[in-house]
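Accompanying notes for the structure given below.
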There are 2 protein chains.
Amino acid sequence: MARQSAGTSWRDRAGKSLTDYPRPSVAVDVAVLTVRTGRLHVVVVGRPDGGWALPGTFLRPGERLADAAERALRTKAGLTGTGFHQLAMFDAPDRDDRGWVLSMAHGAALPSEDLPADTQLVRVDGRTVAEPLAFDHAAMVAHAVDDLRERYTRRVDPSGLLQETFTVLELRRLYETVFDRALPKDSFRRLVIDAITPTGRTASVGSGRPAELFRRRGDGDLAPGAARVLTD
Amino acid sequence: MARQSAGTSWRDRAGKSLTDYPRPSVAVDVAVLTVRTGRLHVVVVGRPDGGWALPGTFLRPGERLADAAERALRTKAGLTGTGFHQLAMFDAPDRDDRGWVLSMAHGAALPSEDLPADTQLVRVDGRTVAEPLAFDHAAMVAHAVDDLRERYTRRVDPSGLLQETFTVLELRRLYETVFDRALPKDSFRRLVIDAITPTGRTASVGSGRPAELFRRRGDGDLAPGAARVLTD
DNA sequence: CTAATAGTGTCTTTCAGACATTATCCT
DNA sequence: AGGATAATGTCTGAAAGACACTATTAG
């Protein structure tokens with residue numbers, strides 16, 4: 001930065017103070033991913049013109065991006081307590097025809113059971129949303145999927161897309177959805193078994209031997225070579 | 001986003017237009033990493049108060065973040081043509097005492113031979129800069145190191161910290177510096193050998209068998225399990 | 001019992017790590 | 001020749017992929 005001194009009397013080389021420069025509006029958008037019927041979906045909100053967009057809002061004076069994102073999730077999607085993180089800043093000058101608006105894309109993920117009943121979902125195939133989204137929101141979703149895969153190769157279900165307890169089969173089905181790839185049953189079990197802890201309980205499925213229920217371990221870190229198993 | 005219609009007549013639920021909201025100043029800062037004497041360093045610029053900071057600048061009206069970052073590198077550090085990318089937006093409301101300033105941190109890396117002679121460098125130990133930096137720039141450097149390691153596990157020297165041609169030994173020394181870890185000579189060679197192409201030429205070192213010179217391959221992708229070799 | 005699913009044992013292939021050996025320069 | 005460094009071959013252990021086998025439920 002060229003910040004040359006403290007205080008409000010700062011001037012740049014042209015003698016202009018900070019407030020003399022036109023500034024952009026800053027927005028946040030959140031790509032909330034979830035799994036329904038074995039497919040990735042993203043939460044969208046309707047727009048007056050009938051299109052879809054990610055939940056988002058403008059940054060308020062003095063507000064932090066994380067607070068704005070939390071507010072957008074709460075007021076636009078009815079979600080509270082959802083974890084998220086930054087993905088990238090989208091900054092094309094013409095991305096919003098209302099003016100100069102930068103938007104910080106955020107990624108989040110949660111079980112579809114935790115979504116309000118009236119939540120609107122759009123399917124995601126690979127990295128691509130199945131329906132057009134407003135602005136550059138489709139690119140934000142692609143970023144979110146990449147980020148999800150990266151984080152899921154490092155830890156077991158770090159976003160909690162599964163409920164508190166789950167079977168190894170449920171975990172594998174989740175990873176097959178996230179990575180869009182069939183995963184071998186035994187290799188997958190050996191990959192994750194040291195990152196989860198068994199509860200004594202078992203799942204009461206219809207027929208067949210009942211599967212043991214596990215929960216995420218404290219860290220839940222996967223082996224460094226997990227990418228070899230999970231990616232093509 | 002709550003963007004509800006096109007055009008400049010947009011109003012929010014309180015009837016305010018976009019321009020009625022106070023907006024933050026947006027800045028960019030770039031952590032330029034390099035290797036000198038087998039250690040990671042970061043490019044810094046002096047401040048009037050005698051401290052150090054990353055090269056950065058304010059975003060100008062209608063400008064893209066990448067253009068501002070390029071401008072900052074050129075005017076503050078004398079660098080042109082250096083590749084970089086976004087890391088994270090730093091947004092603490094009090095991070096800059098001149099006012100409300102968000103800053104997009106960027107990461108870059110290049111050979112120290114390509115730096116201007118008068119470039120100021122500060123050593124980086126692990127993820128930590130050896131000297132205090134202004135604002136939250138030390139956290140930006142930590143981000144840049146994490147990002148560098150991640151990208152170097154996916155591809156062979158993607159930022160071009162080495163020159164056009166290099167020996168396997170030079171490449172291994174670079175990776176040992178980046179990952180702050182001794183790497184076995186033969187395992188490392190087998191890891192990278194399929195991602196580089198031999199030039200017929202050899203390096204004329206003092207004594208011993210001369211090492212063959214290689215160059216990066218088109219993609220230079222490493223095996224998916226590279227993390228197992230490179231990380232602890 | 002059979003059907004169905006969960007979980008394990010084992011074999012093969014691959015590859016990291018260690019070590020020894022060969023290759024090719026210098027003095 | 002002898003020293004030094006590069007590059008390769010070989011052995012071992014760990015782990016993935018494939019497959020078969022055992023375990024435990026429902027009917």
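Just so we're on the same page: first chain in the structure tokens is A, next is B, and so on; residues restart at 1 for each chain, and ligands are numbered from 1 in the order they show up.
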**Prompt:** Could you list, as a list in words, every residue of chain B that has an atom within 8 Å of an atom of chain D, counting only C-alpha atoms (C1' of nucleotides)?
**Reply:** Ser207, Gly208, Arg209, Pro210 and Ala211 of chain B
Would you mind exporting N, CA and C atoms of the selected residues as a PDB file, in the first residue's frame?
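Result file follows (again.pdb):
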ATOM      1  N   SER B 207      32.764 -29.540 -10.445  1.00  0.00           N
ATOM      2  CA  SER B 207      33.253 -30.906 -10.550  1.00  0.00           C
ATOM      3  C   SER B 207      32.073 -31.869 -10.517  1.00  0.00           C
ATOM      4  N   GLY B 208      32.328 -33.078 -10.901  1.00  0.00           N
ATOM      5  CA  GLY B 208      31.273 -34.087 -10.911  1.00  0.00           C
ATOM      6  C   GLY B 208      30.553 -34.148 -12.225  1.00  0.00           C
ATOM      7  N   ARG B 209      29.753 -35.159 -12.345  1.00  0.00           N
ATOM      8  CA  ARG B 209      29.002 -35.344 -13.589  1.00  0.00           C
ATOM      9  C   ARG B 209      28.048 -34.176 -13.781  1.00  0.00           C
ATOM     10  N   PRO B 210      28.019 -33.577 -14.955  1.00  0.00           N
ATOM     11  CA  PRO B 210      27.132 -32.421 -15.156  1.00  0.00           C
ATOM     12  C   PRO B 210      25.672 -32.857 -15.161  1.00  0.00           C
ATOM     13  N   ALA B 211      24.831 -32.054 -14.568  1.00  0.00           N
ATOM     14  CA  ALA B 211      23.399 -32.371 -14.503  1.00  0.00           C
ATOM     15  C   ALA B 211      22.717 -31.943 -15.787  1.00  0.00           C
TER      16      ALA B 211
END
**Request:** Give the helix (DSSP H, G or I) residues of region 101-198 of chain B, as DSSP finds them on the backbone, and put them as a PyMOL selection string.
**Result:** chain B and resi 112-114+137-154+168-179+185-195
**Polymer residues at most 12 Å from Ala117 (chain A), only C-alpha atoms (C1' of nucleotides), same-chain spacing of 4 or more positions, as a PyMOL selection string** = chain A and resi 43+77-79+112-113+121
So that each row is one residue of chain C with an atom at most 8 Å from chain A, can you give its shortest atom pair and the distance in Å to one decimal, using only C-alpha atoms (C1' of nucleotides), rows by chain and rising number, as a tab-separated table?
residue	atom	partner	partner_atom	distance
C:DA4	C1'	A:Gly208	CA	4.5
C:DT5	C1'	A:Gly208	CA	4.1
C:DA6	C1'	A:Arg209	CA	5.4
**Asked** Leaving out Met89 (chain A) and any residue of its chain fewer than 5 positions from it, which residues lie within 8 Å of it when counting only C-alpha atoms (C1' of nucleotides), given as a PyMOL selection string?
**Response** (chain A and resi 102-105) or (chain B and resi 86+89)
Could the residues in this selection be written to a file with N, CA and C atoms, as a PDB file, in the first residue's frame?
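Wrote it out as again16.pdb, contents follow:
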ATOM      1  N   LEU A 102     -18.495  -4.295  -6.846  1.00  0.00           N
ATOM      2  CA  LEU A 102     -17.664  -5.478  -6.639  1.00  0.00           C
ATOM      3  C   LEU A 102     -18.416  -6.445  -5.741  1.00  0.00           C
ATOM      4  N   SER A 103     -18.236  -7.740  -5.972  1.00  0.00           N
ATOM      5  CA  SER A 103     -18.901  -8.689  -5.084  1.00  0.00           C
ATOM      6  C   SER A 103     -17.957  -9.783  -4.628  1.00  0.00           C
ATOM      7  N   MET A 104     -17.935  -9.988  -3.327  1.00  0.00           N
ATOM      8  CA  MET A 104     -17.135 -11.053  -2.746  1.00  0.00           C
ATOM      9  C   MET A 104     -17.975 -12.311  -2.715  1.00  0.00           C
ATOM     10  N   ALA A 105     -17.556 -13.316  -3.486  1.00  0.00           N
ATOM     11  CA  ALA A 105     -18.266 -14.591  -3.485  1.00  0.00           C
ATOM     12  C   ALA A 105     -17.853 -15.421  -2.274  1.00  0.00           C
TER      13      ALA A 105
ATOM     14  N   GLN B  86      -5.620 -13.572  -6.854  1.00  0.00           N
ATOM     15  CA  GLN B  86      -6.243 -13.161  -5.596  1.00  0.00           C
ATOM     16  C   GLN B  86      -5.984 -14.169  -4.484  1.00  0.00           C
ATOM     17  N   MET B  89      -9.781 -11.198   0.762  1.00  0.00           N
ATOM     18  CA  MET B  89     -10.100  -9.807   1.052  1.00  0.00           C
ATOM     19  C   MET B  89      -9.939  -9.577   2.552  1.00  0.00           C
TER      20      MET B  89
END
**Item:** Distance of CA of Asp146 (chain B) from CA of Gly46 (chain B), expressed in Å to one decimal place
**Value:** 24.7 Å
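All residues of protein, DNA or RNA that reach within 7 Å of Ala108 (chain B), judged by only C-alpha atoms (C1' of nucleotides) and not counting those fewer than 3 positions away in the chain, are Val30, Ala31, Val32, Leu33, Gly83, Phe84 and His85 of chain B.
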**Request:** Show which residues sit within 12 Å of Asp114 (chain A), as a list of chain:residue names. Count only C-alpha atoms (C1' of nucleotides), and ignore same-chain residues fewer than 4 positions away.
**Result:** A:Val32, A:Leu33, A:Thr34, A:Val35, A:Arg36, A:Ala77, A:Gly78, A:Leu79, A:Thr80, A:Gly81, A:Thr82, A:Ala109, A:Leu110, A:Asp118, A:Thr119, A:Gly160, A:Leu161, A:Leu162, A:Gln163
What are the nearest atom pairs, with distances in Å to one decimal, for all residues of region 129-228 of chain B that come at most 10 Å from region 7-17 of chain C, using only C-alpha atoms (C1' of nucleotides), set out by chain and rising residue number as a Markdown table?
| residue | atom | partner | partner_atom | distance |
| --- | --- | --- | --- | --- |
| B:Pro184 | CA | C:DG17 | C1' | 7.7 |
| B:Lys185 | CA | C:DG17 | C1' | 9.9 |
| B:Asp186 | CA | C:DG17 | C1' | 8.5 |
| B:Ser187 | CA | C:DA16 | C1' | 6.4 |
| B:Phe188 | CA | C:DA16 | C1' | 9.4 |
| B:Arg190 | CA | C:DA16 | C1' | 9.5 |
| B:Leu191 | CA | C:DA16 | C1' | 9.5 |
| B:Arg228 | CA | C:DA16 | C1' | 8.8 |
Now that the selection is made, can you save its residues with C-alpha atoms as an mmCIF file, in the first residue's frame?
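Generated file (part_39.cif):
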data_model
loop_
_atom_site.group_PDB
_atom_site.id
_atom_site.type_symbol
_atom_site.label_atom_id
_atom_site.label_comp_id
_atom_site.auth_asym_id
_atom_site.auth_seq_id
_atom_site.Cartn_x
_atom_site.Cartn_y
_atom_site.Cartn_z
ATOM 1 C CA PRO B 184 14.650 -37.382 -0.644
ATOM 2 C CA LYS B 185 16.656 -37.057 -3.814
ATOM 3 C CA ASP B 186 15.415 -40.118 -5.647
ATOM 4 C CA SER B 187 11.754 -39.938 -4.660
ATOM 5 C CA PHE B 188 11.695 -36.319 -5.687
ATOM 6 C CA ARG B 190 10.637 -39.740 -9.757
ATOM 7 C CA LEU B 191 7.891 -37.368 -8.678
ATOM 8 C CA ARG B 228 2.321 -37.213 0.361
#
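In this structure, CA of Ile193 (chain A) sits 13.3 Å away from CA of Glu170 (chain A).
Here CA of Ala223 (chain A) and CA of Ser159 (chain B) stand 26.5 Å from one another.
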